[in-house]
>>> print(open('entry.tsv').read())   # TSV, C-alpha atoms
chain	number	residue	atom	x	y	z
P	1	MET	CA	7.67	7.86	30.35
P	2	PRO	CA	6.18	8.12	26.84
P	3	ALA	CA	4.71	4.95	25.38
P	4	GLU	CA	7.21	2.89	23.44
P	5	GLN	CA	6.70	3.22	19.68
P	6	PRO	CA	6.48	0.00	17.64
P	7	THR	CA	9.46	-0.70	15.44
P	8	GLN	CA	8.75	0.40	11.87
P	9	GLN	CA	9.19	-2.11	9.10
P	10	LYS	CA	11.92	-1.16	6.61
P	11	ILE	CA	11.92	-1.76	2.87
P	12	SER	CA	14.45	-0.98	0.16
P	13	ILE	CA	13.95	1.60	-2.57
P	14	LYS	CA	13.65	-1.26	-5.08
P	15	GLN	CA	10.82	-2.78	-3.03
P	16	ALA	CA	9.12	0.62	-2.76
P	17	ARG	CA	9.36	1.04	-6.53
P	18	ARG	CA	7.77	-2.36	-7.13
P	19	LEU	CA	5.01	-1.61	-4.64
P	20	ALA	CA	4.27	1.68	-6.40
P	21	LEU	CA	4.28	0.17	-9.89
P	22	SER	CA	2.00	-2.67	-8.87
P	23	ALA	CA	-0.45	-0.39	-7.07
P	24	GLN	CA	-0.60	1.86	-10.12
P	25	GLY	CA	-1.57	-0.98	-12.44
P	26	PHE	CA	1.83	-1.85	-13.88
P	27	ASN	CA	1.92	-5.52	-12.97
P	28	GLY	CA	3.75	-6.80	-16.05
P	29	ARG	CA	0.80	-8.88	-17.21
P	30	GLN	CA	-0.24	-8.87	-20.85
P	31	PRO	CA	-3.15	-6.48	-21.48
P	32	PRO	CA	-6.43	-8.18	-22.41
P	33	ALA	CA	-6.80	-9.00	-26.10
P	34	THR	CA	-10.03	-7.01	-26.17
P	35	VAL	CA	-10.40	-4.15	-23.71
P	36	THR	CA	-13.96	-3.71	-22.44
P	37	SER	CA	-15.72	-1.01	-20.45
P	38	ARG	CA	-15.27	-3.20	-17.36
P	39	HIS	CA	-11.47	-3.13	-17.77
P	40	VAL	CA	-11.56	0.66	-18.09
P	41	THR	CA	-13.82	1.12	-15.07
P	42	GLN	CA	-11.83	-1.23	-12.86
P	43	LEU	CA	-8.56	0.52	-13.70
P	44	ILE	CA	-9.96	3.99	-13.02
P	45	GLU	CA	-11.40	2.79	-9.71
P	46	ARG	CA	-7.92	1.53	-8.86
P	47	LEU	CA	-6.23	4.82	-9.77
P	48	GLY	CA	-9.00	6.95	-8.29
P	49	VAL	CA	-8.36	9.93	-10.54
P	50	LEU	CA	-7.36	10.88	-14.09
P	51	GLN	CA	-5.96	14.36	-14.54
P	52	ILE	CA	-7.38	16.44	-17.40
P	53	ASP	CA	-5.23	18.93	-19.29
P	54	SER	CA	-5.94	21.07	-22.36
P	55	VAL	CA	-2.63	20.39	-24.14
P	56	ASN	CA	-3.27	18.19	-27.19
P	57	ALA	CA	0.21	17.81	-28.65
P	58	LEU	CA	-0.21	14.04	-28.67
P	59	VAL	CA	-3.64	13.22	-27.26
P	60	ARG	CA	-5.63	14.69	-24.36
P	61	SER	CA	-3.82	13.66	-21.21
P	62	HIS	CA	-6.68	11.76	-19.55
P	63	TYR	CA	-6.62	9.11	-22.31
P	64	LEU	CA	-2.94	8.24	-21.90
P	65	PRO	CA	-2.77	6.61	-18.42
P	66	LEU	CA	-5.28	3.97	-19.54
P	67	TYR	CA	-3.30	3.34	-22.72
P	68	SER	CA	-0.06	3.00	-20.74
P	69	ARG	CA	-1.63	0.18	-18.73
P	70	LEU	CA	-4.19	-1.42	-21.06
P	71	GLY	CA	-2.61	-0.90	-24.45
P	72	ASN	CA	-4.73	-0.34	-27.56
P	73	TYR	CA	-8.14	0.42	-26.05
P	74	PRO	CA	-11.00	2.33	-27.75
P	75	GLN	CA	-11.01	5.91	-26.48
P	76	LYS	CA	-14.80	5.92	-26.74
P	77	LEU	CA	-14.88	3.63	-23.68
P	78	LEU	CA	-13.49	6.45	-21.55
P	79	ASP	CA	-15.84	8.95	-23.21
P	80	GLN	CA	-18.82	6.74	-22.34
P	81	ALA	CA	-17.69	6.33	-18.74
P	82	ALA	CA	-17.11	10.06	-18.35
P	83	TRP	CA	-19.87	11.78	-20.32
P	84	SER	CA	-22.64	9.35	-21.25
P	85	GLN	CA	-26.09	9.51	-19.69
P	86	GLY	CA	-27.66	6.87	-17.47
P	87	ARG	CA	-26.01	3.72	-16.18
P	88	GLN	CA	-22.96	4.00	-18.41
P	89	ARG	CA	-21.90	7.12	-16.50
P	90	LYS	CA	-19.14	5.93	-14.15
P	91	LEU	CA	-17.11	9.14	-13.73
P	92	PHE	CA	-17.60	12.77	-12.87
P	93	GLU	CA	-15.44	15.85	-13.35
P	94	TYR	CA	-14.17	17.84	-10.41
P	95	TRP	CA	-11.07	19.24	-8.75
P	96	GLY	CA	-9.44	15.99	-7.61
P	97	HIS	CA	-5.80	16.32	-8.54
P	98	GLU	CA	-6.20	19.53	-10.55
P	99	ALA	CA	-9.10	19.20	-13.04
P	100	SER	CA	-9.87	15.49	-12.99
P	101	LEU	CA	-12.14	12.61	-13.83
P	102	LEU	CA	-13.06	10.58	-10.74
P	103	PRO	CA	-15.25	7.52	-10.07
P	104	VAL	CA	-18.79	8.63	-9.17
P	105	GLU	CA	-18.43	6.76	-5.86
P	106	LEU	CA	-15.99	9.48	-4.75
P	107	TYR	CA	-18.55	12.27	-5.28
P	108	PRO	CA	-19.72	12.23	-1.62
P	109	LEU	CA	-16.07	12.47	-0.54
P	110	MET	CA	-15.73	15.77	-2.44
P	111	ARG	CA	-18.73	17.59	-0.99
P	112	TRP	CA	-16.61	19.19	1.75
P	113	ARG	CA	-14.46	20.73	-0.97
P	114	MET	CA	-17.56	21.99	-2.76
P	115	GLN	CA	-18.87	23.53	0.45
P	116	ARG	CA	-15.54	25.24	1.07
P	117	ALA	CA	-15.57	26.60	-2.50
P	118	SER	CA	-19.06	28.03	-1.99
P	119	GLN	CA	-17.61	29.93	0.98
P	120	GLY	CA	-14.70	31.23	-1.07
P	121	GLU	CA	-12.10	28.80	0.28
P	122	GLY	CA	-9.75	26.63	-1.74
P	123	ILE	CA	-10.40	28.43	-5.04
P	124	TYR	CA	-8.63	31.17	-6.96
P	125	GLN	CA	-8.81	34.55	-5.25
P	126	GLU	CA	-10.38	36.24	-8.27
P	127	MET	CA	-13.08	33.57	-8.41
P	128	ALA	CA	-13.73	33.91	-4.68
P	129	LYS	CA	-14.06	37.68	-5.13
P	130	PHE	CA	-16.44	37.11	-8.03
P	131	GLY	CA	-18.52	34.80	-5.82
P	132	ARG	CA	-18.84	37.53	-3.17
P	133	GLU	CA	-19.58	40.40	-5.53
P	134	GLN	CA	-21.49	38.86	-8.46
P	135	GLN	CA	-24.25	36.82	-6.86
P	136	THR	CA	-26.82	38.29	-9.27
P	137	THR	CA	-24.86	37.01	-12.28
P	138	ILE	CA	-24.34	33.63	-10.61
P	139	ALA	CA	-28.08	33.31	-9.87
P	140	ARG	CA	-28.96	34.26	-13.47
P	141	VAL	CA	-26.56	31.68	-14.89
P	142	LEU	CA	-27.78	28.95	-12.53
P	143	GLN	CA	-31.39	29.69	-13.51
P	144	ALA	CA	-30.45	29.39	-17.19
P	145	VAL	CA	-28.92	25.97	-16.52
P	146	ARG	CA	-32.06	24.91	-14.62
P	147	GLU	CA	-34.27	25.93	-17.51
P	148	GLN	CA	-32.15	24.87	-20.48
P	149	GLY	CA	-29.63	22.32	-19.17
P	150	ALA	CA	-26.28	21.16	-20.58
P	151	LEU	CA	-25.05	24.65	-21.43
P	152	GLY	CA	-21.59	25.81	-22.43
P	153	ALA	CA	-20.20	29.18	-21.42
P	154	GLY	CA	-20.37	30.41	-25.00
P	155	THR	CA	-24.15	29.97	-25.05
P	156	LEU	CA	-24.59	32.36	-22.12
P	157	ASN	CA	-21.92	34.92	-23.01
P	158	THR	CA	-23.30	38.47	-23.04
P	159	ARG	CA	-19.96	40.22	-23.50
P	160	GLN	CA	-19.84	42.50	-26.52
P	161	GLU	CA	-16.13	43.32	-26.57
P	162	ARG	CA	-13.61	40.93	-28.10
P	163	ALA	CA	-12.07	38.38	-25.75
P	164	GLY	CA	-8.50	38.99	-24.60
P	165	PRO	CA	-5.75	36.42	-24.01
P	166	TRP	CA	-6.23	32.97	-22.52
P	167	TRP	CA	-8.14	33.04	-19.19
P	168	ASP	CA	-9.88	36.27	-20.22
P	169	TRP	CA	-13.19	34.67	-19.27
P	170	SER	CA	-16.61	36.24	-19.64
P	171	ALA	CA	-18.68	36.86	-16.50
P	172	GLU	CA	-20.87	33.90	-17.43
P	173	LYS	CA	-17.86	31.59	-17.74
P	174	ILE	CA	-16.58	32.66	-14.32
P	175	ALA	CA	-20.07	32.14	-12.87
P	176	LEU	CA	-20.22	28.62	-14.31
P	177	GLU	CA	-16.77	27.82	-12.93
P	178	TRP	CA	-17.80	29.14	-9.51
P	179	LEU	CA	-20.97	27.04	-9.60
P	180	PHE	CA	-18.93	24.02	-10.70
P	181	ALA	CA	-16.45	24.43	-7.84
P	182	ALA	CA	-19.34	24.86	-5.38
P	183	GLY	CA	-21.06	21.71	-6.65
P	184	GLU	CA	-24.15	23.58	-7.89
P	185	VAL	CA	-23.52	22.33	-11.43
P	186	THR	CA	-21.46	19.51	-12.85
P	187	VAL	CA	-20.15	18.59	-16.29
P	188	ALA	CA	-22.79	16.77	-18.32
P	189	GLY	CA	-20.64	16.37	-21.40
P	190	ARG	CA	-18.21	18.11	-23.69
P	191	ARG	CA	-18.48	19.79	-27.07
P	192	GLY	CA	-14.98	19.38	-28.40
P	193	PHE	CA	-13.08	20.30	-25.25
P	194	GLU	CA	-15.71	22.81	-24.02
P	195	ARG	CA	-17.50	21.80	-20.85
P	196	LEU	CA	-21.31	21.55	-20.93
P	197	TYR	CA	-22.81	22.16	-17.48
P	198	ASP	CA	-26.01	20.84	-15.96
P	199	LEU	CA	-27.50	20.22	-12.53
P	200	PRO	CA	-25.89	17.27	-10.71
P	201	GLU	CA	-29.26	15.57	-10.16
P	202	ARG	CA	-29.79	15.42	-13.92
P	203	VAL	CA	-26.35	13.94	-14.57
P	204	LEU	CA	-25.25	11.67	-11.71
P	205	PRO	CA	-26.93	8.53	-10.32
P	206	SER	CA	-29.61	9.26	-7.72
P	207	ALA	CA	-27.89	6.98	-5.19
P	208	ILE	CA	-24.81	9.23	-5.38
P	209	ILE	CA	-26.78	12.46	-5.17
P	210	ASN	CA	-28.82	11.18	-2.21
P	211	HIS	CA	-25.84	9.69	-0.35
P	212	PRO	CA	-25.90	10.77	3.32
P	213	GLU	CA	-23.71	13.76	4.07
P	214	LEU	CA	-20.29	12.82	5.42
P	215	MET	CA	-18.36	14.65	8.08
P	216	GLU	CA	-15.41	16.46	6.50
P	217	ALA	CA	-12.88	14.53	8.62
P	218	ASP	CA	-14.41	11.21	7.53
P	219	ALA	CA	-14.37	12.22	3.87
P	220	GLN	CA	-10.78	13.41	4.02
P	221	ARG	CA	-9.68	10.25	5.81
P	222	ASN	CA	-11.34	8.12	3.12
P	223	LEU	CA	-9.55	10.08	0.39
P	224	LEU	CA	-6.24	9.49	2.16
P	225	LEU	CA	-6.93	5.75	2.28
P	226	HIS	CA	-7.77	5.77	-1.45
P	227	ALA	CA	-4.48	7.57	-2.09
P	228	VAL	CA	-2.45	5.04	-0.08
P	229	LYS	CA	-4.03	2.17	-2.04
P	230	ALA	CA	-3.40	3.91	-5.37
P	231	LEU	CA	0.20	4.87	-4.58
P	232	GLY	CA	1.25	1.65	-2.90
P	233	VAL	CA	3.67	3.55	-0.69
P	234	GLY	CA	4.24	7.24	-0.04
P	235	THR	CA	5.11	9.90	2.49
P	236	GLU	CA	2.48	12.14	4.05
P	237	LYS	CA	3.16	14.79	1.37
P	238	ASP	CA	2.93	12.22	-1.43
P	239	ILE	CA	-0.38	10.93	-0.13
P	240	ARG	CA	-2.08	14.25	0.49
P	241	ASP	CA	-0.94	15.51	-2.91
P	242	TYR	CA	-2.91	12.75	-4.64
P	243	PHE	CA	-6.23	14.54	-4.00
P	244	ARG	CA	-4.61	17.88	-3.11
P	245	GLN	CA	-5.46	17.82	0.60
P	246	ASP	CA	-4.14	20.27	3.17
P	247	PRO	CA	-1.27	19.31	5.54
P	248	ALA	CA	-3.00	19.55	8.93
P	249	PRO	CA	-6.07	17.39	8.18
P	250	ALA	CA	-3.88	14.96	6.23
P	251	ARG	CA	-1.54	14.45	9.21
P	252	ALA	CA	-4.49	13.93	11.52
P	253	GLY	CA	-6.23	11.59	9.08
P	254	LEU	CA	-3.15	9.44	8.51
P	255	ALA	CA	-2.59	9.15	12.28
P	256	GLU	CA	-6.18	7.97	12.72
P	257	LEU	CA	-5.84	5.44	9.88
P	258	VAL	CA	-2.68	4.06	11.50
P	259	GLU	CA	-4.45	3.81	14.86
P	260	GLN	CA	-7.36	2.00	13.20
P	261	GLY	CA	-4.97	-0.44	11.53
P	262	ALA	CA	-6.13	0.58	8.04
P	263	ILE	CA	-2.57	1.58	7.07
P	264	GLN	CA	0.88	1.29	8.63
P	265	ARG	CA	3.99	3.42	8.88
P	266	ILE	CA	7.14	2.02	7.32
P	267	GLN	CA	10.62	3.30	6.54
P	268	VAL	CA	11.94	3.35	2.98
P	269	HIS	CA	15.72	3.22	2.71
P	270	GLY	CA	17.05	6.64	1.72
P	271	TRP	CA	13.82	8.54	2.42
P	272	LYS	CA	14.04	11.20	5.11
P	273	GLN	CA	10.34	11.06	5.97
P	274	PRO	CA	8.37	8.02	7.16
P	275	ALA	CA	6.14	6.36	4.58
P	276	TYR	CA	2.73	4.73	4.70
P	277	THR	CA	1.37	1.61	3.06
P	278	LEU	CA	-1.34	-1.00	3.56
P	279	PRO	CA	-0.90	-3.40	6.50
P	280	GLU	CA	-0.71	-6.61	4.49
P	281	PHE	CA	1.30	-5.52	1.47
P	282	THR	CA	3.02	-7.86	-0.94
P	283	VAL	CA	6.06	-6.73	-2.93
P	284	PRO	CA	6.17	-8.26	-6.43
P	285	ARG	CA	9.34	-10.19	-7.24
P	286	LYS	CA	9.73	-8.04	-10.36
P	287	VAL	CA	7.74	-5.75	-12.63
P	288	THR	CA	8.39	-6.17	-16.34
P	289	ALA	CA	6.10	-3.47	-17.75
P	290	SER	CA	7.20	-1.17	-20.58
P	291	ALA	CA	5.14	1.97	-21.17
P	292	LEU	CA	5.25	5.56	-22.37
P	293	LEU	CA	3.84	7.78	-19.61
P	294	SER	CA	1.77	10.93	-19.80
P	295	PRO	CA	3.42	13.92	-18.09
P	296	PHE	CA	0.26	13.96	-15.96
P	297	ASP	CA	0.27	10.25	-15.08
P	298	SER	CA	-0.44	9.60	-11.39
P	299	LEU	CA	2.67	7.41	-11.17
P	300	ILE	CA	4.91	10.44	-11.72
P	301	TRP	CA	2.90	13.63	-11.20
P	302	GLU	CA	4.43	14.26	-7.75
P	303	ARG	CA	7.90	15.11	-9.07
P	304	THR	CA	9.83	14.81	-5.79
P	305	ARG	CA	8.42	11.32	-5.24
P	306	THR	CA	9.39	10.45	-8.82
P	307	GLU	CA	12.97	11.45	-8.00
P	308	ARG	CA	12.98	9.41	-4.78
P	309	LEU	CA	11.50	6.33	-6.45
P	310	PHE	CA	13.22	6.38	-9.84
P	311	ASP	CA	16.16	8.77	-9.48
P	312	PHE	CA	14.53	10.66	-12.34
P	313	HIS	CA	14.38	14.46	-12.42
P	314	TYR	CA	11.42	15.47	-14.59
P	315	ARG	CA	9.95	18.85	-15.45
P	316	LEU	CA	7.51	19.62	-18.26
P	317	GLU	CA	8.98	22.27	-20.56
P	318	ILE	CA	5.83	23.35	-22.44
P	319	TYR	CA	6.00	26.83	-20.94
P	320	THR	CA	9.79	27.08	-21.17
P	321	PRO	CA	11.01	29.23	-24.11
P	322	ALA	CA	12.12	26.96	-26.96
P	323	HIS	CA	15.78	27.98	-26.77
P	324	LYS	CA	15.90	27.10	-23.07
P	325	ARG	CA	14.37	23.64	-23.31
P	326	VAL	CA	16.64	20.75	-22.40
P	327	TYR	CA	14.55	17.81	-23.59
P	328	GLY	CA	11.67	19.17	-25.68
P	329	TYR	CA	8.13	20.54	-25.73
P	330	TYR	CA	6.04	17.44	-24.87
P	331	VAL	CA	8.27	14.78	-23.37
P	332	LEU	CA	7.00	11.37	-22.27
P	333	PRO	CA	9.04	9.30	-19.82
P	334	PHE	CA	9.61	5.70	-20.93
P	335	LEU	CA	9.13	3.12	-18.19
P	336	HIS	CA	11.02	-0.12	-18.78
P	337	GLN	CA	11.94	-2.94	-16.39
P	338	GLU	CA	11.30	-0.91	-13.21
P	339	ARG	CA	13.32	2.07	-14.48
P	340	ILE	CA	12.39	5.27	-16.19
P	341	ALA	CA	14.95	4.54	-18.84
P	342	ALA	CA	14.42	7.31	-21.40
P	343	ARG	CA	12.41	10.40	-22.25
P	344	ILE	CA	10.90	10.93	-25.70
P	345	ASP	CA	9.71	14.22	-27.22
P	346	LEU	CA	6.60	13.27	-29.21
P	347	ARG	CA	4.02	14.99	-31.36
P	348	ALA	CA	0.97	13.71	-33.22
P	349	GLU	CA	1.15	15.35	-36.65
P	350	ARG	CA	-2.40	14.47	-37.59
P	351	ALA	CA	-2.57	16.28	-40.92
P	352	ALA	CA	0.49	14.33	-42.11
P	353	GLY	CA	-0.74	11.07	-40.56
P	354	ARG	CA	2.37	10.47	-38.50
P	355	LEU	CA	3.77	10.23	-35.01
P	356	ALA	CA	6.84	12.49	-34.86
P	357	VAL	CA	9.70	11.50	-32.56
P	358	HIS	CA	11.56	14.79	-32.14
P	359	ALA	CA	14.08	13.66	-29.52
P	360	VAL	CA	15.26	10.49	-27.80
P	361	HIS	CA	17.14	10.93	-24.52
P	362	GLU	CA	18.37	7.83	-22.70
P	363	GLU	CA	18.82	7.89	-18.95
P	364	GLN	CA	22.01	6.44	-17.49
P	365	PRO	CA	23.02	3.66	-17.89
P	366	GLY	CA	21.00	3.76	-21.11
P	367	LEU	CA	18.81	1.21	-22.86
P	368	ASP	CA	20.22	-2.15	-23.84
P	369	GLU	CA	19.23	-3.77	-27.13
P	370	GLU	CA	16.12	-5.36	-25.63
P	371	GLY	CA	15.09	-2.02	-24.13
P	372	MET	CA	15.52	-0.18	-27.43
P	373	HIS	CA	13.38	-2.81	-29.16
P	374	ALA	CA	10.75	-2.34	-26.45
P	375	LEU	CA	10.78	1.42	-27.07
P	376	ALA	CA	10.38	0.86	-30.83
P	377	ALA	CA	7.42	-1.46	-30.20
P	378	ASN	CA	5.82	1.07	-27.83
P	379	LEU	CA	6.14	3.87	-30.39
P	380	ARG	CA	4.69	1.75	-33.18
P	381	GLN	CA	1.79	0.65	-30.97
P	382	LEU	CA	1.17	4.25	-29.86
P	383	ALA	CA	1.00	5.38	-33.49
P	384	ASP	CA	-1.47	2.58	-34.26
P	385	TRP	CA	-3.64	3.55	-31.28
P	386	LEU	CA	-3.68	7.17	-32.43
P	387	GLY	CA	-4.56	6.13	-35.97
P	388	LEU	CA	-1.29	7.46	-37.40
P	389	PRO	CA	0.09	5.22	-40.17
P	390	GLN	CA	3.66	6.52	-40.07
P	391	VAL	CA	6.40	7.14	-37.50
P	392	LEU	CA	8.88	9.93	-38.22
P	393	ILE	CA	12.14	9.74	-36.28
P	394	ASN	CA	13.17	13.38	-36.47
P	395	CYS	CA	16.20	13.30	-34.19
P	396	GLN	CA	19.93	13.23	-34.94
P	397	ARG	CA	21.11	11.92	-31.59
P	398	ALA	CA	22.94	8.62	-31.32
P	399	SER	CA	20.00	7.22	-29.36
P	400	ALA	CA	17.74	7.91	-32.34
P	401	ALA	CA	20.13	6.06	-34.63
P	402	ARG	CA	19.83	3.02	-32.37
P	403	LEU	CA	16.05	3.43	-32.41
P	404	ARG	CA	16.04	3.38	-36.23
P	405	VAL	CA	17.99	0.12	-36.18
P	406	ALA	CA	15.46	-1.35	-33.73
P	407	PHE	CA	12.58	-0.29	-36.03
P	408	VAL	CA	14.19	-1.94	-39.02
P	409	SER	CA	15.06	-5.17	-37.19
P	410	ALA	CA	11.47	-5.46	-35.93
P	411	GLY	CA	10.08	-4.91	-39.43
P	412	PHE	CA	8.53	-1.54	-38.53
P	413	GLN	CA	8.62	1.20	-41.15
P	414	HIS	CA	9.71	4.72	-40.23
P	415	LEU	CA	10.48	8.00	-41.94
>>> encode(input="entry.tsv", output="structure tokens")
Amino acid sequence: MPAEQPTQQKISIKQARRLALSAQGFNGRQPPATVTSRHVTQLIERLGVLQIDSVNALVRSHYLPLYSRLGNYPQKLLDQAAWSQGRQRKLFEYWGHEASLLPVELYPLMRWRMQRASQGEGIYQEMAKFGREQQTTIARVLQAVREQGALGAGTLNTRQERAGPWWDWSAEKIALEWLFAAGEVTVAGRRGFERLYDLPERVLPSAIINHPELMEADAQRNLLLHAVKALGVGTEKDIRDYFRQDPAPARAGLAELVEQGAIQRIQVHGWKQPAYTLPEFTVPRKVTASALLSPFDSLIWERTRTERLFDFHYRLEIYTPAHKRVYGYYVLPFLHQERIAARIDLRAERAAGRLAVHAVHEEQPGLDEEGMHALAANLRQLADWLGLPQVLINCQRASAARLRVAFVSAGFQHL
């Protein structure tokens, strides 16, 4: 007879939601009056990864998750952690969850991915083909980085013809991206949004560079454990998606973590698949946080999990033709009292010095008066953080009319 399986603990969807919010840094506590580099570093270590995206309709996406949790923090603190030299460097760029910023301590856990990329695995097919066929170009570009350091692709570009559409990269740019994926170079800094590449040993702490090589299975298992801690609770697919790991090694790694007692299987009411969490987890009695969320926030980036946790169907409509959009171009979910209670289409109109609210969509059963006041306060605070003196409510929906009333009653000005 097969061995009897231990009975799995069961939790409600409300408990799962509170576990997830708490693990992701939404504990309902007041943000510190003055945010320091230590606060920023501790939060990023907790999350494990910040996704980078080029869209700048509001602010670059990697700045927003910290704002959602810490409030009005100086963006330069993240810049220093990510791209400064010496001891202030706490982060590195790599393919974590898409293009990402990660704590430098995770660098050894990513070497298996770099090794796979050097062999043409786990990267775009065209880049893998380039790696096989253009080793001379790759060697030339790597030598230029060795000799000159901190180079952008534009510095090395030898192409004479005019560039085509987006992603029409020069050979030198593709070579740098191949070297970056393979771990031969890393991002030393940025010029605007352009990456500047250098050798890892000239950028990252020596203790990280000289860290003993890990077996791939050990590294993957450690990433899974980081993901469980960061998510609070999740299915196998949720957990492996956090660092974009493959199904087979993820299943094996989770089974080993369960056997070791590092995590446990549980059942979440209404979820078809078993979930995983830490052995000694504590569910908060309530979570009172209110926050506007980046579309690329780790709380919601796995859309099916977002639906299971919050009953919230969310898709970014940036690449949807304007006439087919349902909610807007750059829509931020609004988290309030354990619900995603609304979605707001926002734009930073920097030349005009204003935060433009182009649409306000409430989720059923809607926002009560206190919730609408919380949304008004969040929008005013976001504008202040972005250095935008004015808020323009450019929406004719009934929800926007209620938002205008909340602005006025709180003494906030709006256009």
>>> residues_around(input="entry.tsv", residues="range 26-38 of chain P", least_positions_apart="5", cutoff="9 Å", atoms="all atoms listed in the file", output="list in words")
Arg18, Ala20, Leu21, Leu43, Ser68, Arg69, Leu70, Gly71, Asn72, Tyr73, Pro74, Leu77, Leu78, Gln80, Ala81, Pro284, Lys286, Val287, Thr288, Ala289, Ser290 and Ala291 of chain P
>>> atom_distance(input="entry.tsv", atom1="CA of Gly183 in chain P", atom2="CA of Ser170 in chain P")
20.0 Å
>>> closest_residue(input="entry.tsv", among="P:Gln148, P:Asn56, P:Gln75, P:Gln9", to="Leu196 in chain P", atoms="all atoms listed in the file")
P:Gln148
>>> residues_around(input="entry.tsv", residues="Ala99 in chain P", least_positions_apart="4", cutoff="6 Å", atoms="only C-alpha atoms", output="short mmCIF file (atom, residue, chain, number, x, y, z; two decimals) with C-alpha atoms, keeping the file's coordinate frame")
data_model
loop_
_atom_site.label_atom_id
_atom_site.label_comp_id
_atom_site.auth_asym_id
_atom_site.auth_seq_id
_atom_site.Cartn_x
_atom_site.Cartn_y
_atom_site.Cartn_z
CA GLN P 51 -5.96 14.36 -14.54
CA ILE P 52 -7.38 16.44 -17.40
CA TYR P 94 -14.17 17.84 -10.41
CA TRP P 95 -11.07 19.24 -8.75
#
>>> closest_residue(input="entry.tsv", among="P:Gln135, P:Gln88, P:Gln8, P:Gln413", to="Leu355 in chain P", atoms="only C-alpha atoms")
P:Gln413
>>> closest_residue(input="entry.tsv", among="P:Ser54, P:Leu254, P:Glu184, P:Asn378", to="Gln115 in chain P", atoms="all atoms listed in the file")
P:Glu184
>>> atom_distance(input="entry.tsv", atom1="CA of Ala117 in chain P", atom2="CA of Arg87 in chain P")
28.6 Å
>>> build_atoms(input="entry.tsv", residues="range 172-176 of chain P", atoms="all heavy atoms", output="mmCIF file, in the coordinates of the input")
data_model
loop_
_atom_site.group_PDB
_atom_site.id
_atom_site.type_symbol
_atom_site.label_atom_id
_atom_site.label_comp_id
_atom_site.auth_asym_id
_atom_site.auth_seq_id
_atom_site.Cartn_x
_atom_site.Cartn_y
_atom_site.Cartn_z
ATOM 1 N N GLU P 172 -20.094 35.136 -17.468
ATOM 2 C CA GLU P 172 -20.870 33.900 -17.430
ATOM 3 C C GLU P 172 -19.969 32.681 -17.256
ATOM 4 O O GLU P 172 -20.317 31.736 -16.531
ATOM 5 C CB GLU P 172 -21.707 33.764 -18.712
ATOM 6 C CG GLU P 172 -22.856 34.738 -18.837
ATOM 7 C CD GLU P 172 -22.408 36.144 -19.237
ATOM 8 O OE1 GLU P 172 -21.241 36.307 -19.657
ATOM 9 O OE2 GLU P 172 -23.216 37.072 -19.136
ATOM 10 N N LYS P 173 -18.813 32.700 -17.895
ATOM 11 C CA LYS P 173 -17.860 31.590 -17.740
ATOM 12 C C LYS P 173 -17.366 31.521 -16.297
ATOM 13 O O LYS P 173 -17.293 30.424 -15.704
ATOM 14 C CB LYS P 173 -16.689 31.777 -18.703
ATOM 15 C CG LYS P 173 -15.519 30.813 -18.490
ATOM 16 C CD LYS P 173 -15.886 29.369 -18.728
ATOM 17 C CE LYS P 173 -14.653 28.477 -18.653
ATOM 18 N NZ LYS P 173 -15.004 27.041 -18.708
ATOM 19 N N ILE P 174 -17.040 32.659 -15.714
ATOM 20 C CA ILE P 174 -16.580 32.660 -14.320
ATOM 21 C C ILE P 174 -17.696 32.168 -13.402
ATOM 22 O O ILE P 174 -17.454 31.402 -12.466
ATOM 23 C CB ILE P 174 -16.101 34.061 -13.890
ATOM 24 C CG1 ILE P 174 -14.948 34.537 -14.788
ATOM 25 C CG2 ILE P 174 -15.647 34.048 -12.428
ATOM 26 C CD1 ILE P 174 -14.537 35.968 -14.541
ATOM 27 N N ALA P 175 -18.938 32.590 -13.683
ATOM 28 C CA ALA P 175 -20.070 32.140 -12.870
ATOM 29 C C ALA P 175 -20.231 30.629 -12.944
ATOM 30 O O ALA P 175 -20.462 29.965 -11.926
ATOM 31 C CB ALA P 175 -21.349 32.840 -13.324
ATOM 32 N N LEU P 176 -20.106 30.063 -14.150
ATOM 33 C CA LEU P 176 -20.220 28.620 -14.310
ATOM 34 C C LEU P 176 -19.095 27.896 -13.558
ATOM 35 O O LEU P 176 -19.322 26.863 -12.924
ATOM 36 C CB LEU P 176 -20.195 28.250 -15.789
ATOM 37 C CG LEU P 176 -21.508 28.434 -16.547
ATOM 38 C CD1 LEU P 176 -21.280 28.290 -18.045
ATOM 39 C CD2 LEU P 176 -22.570 27.436 -16.074
#
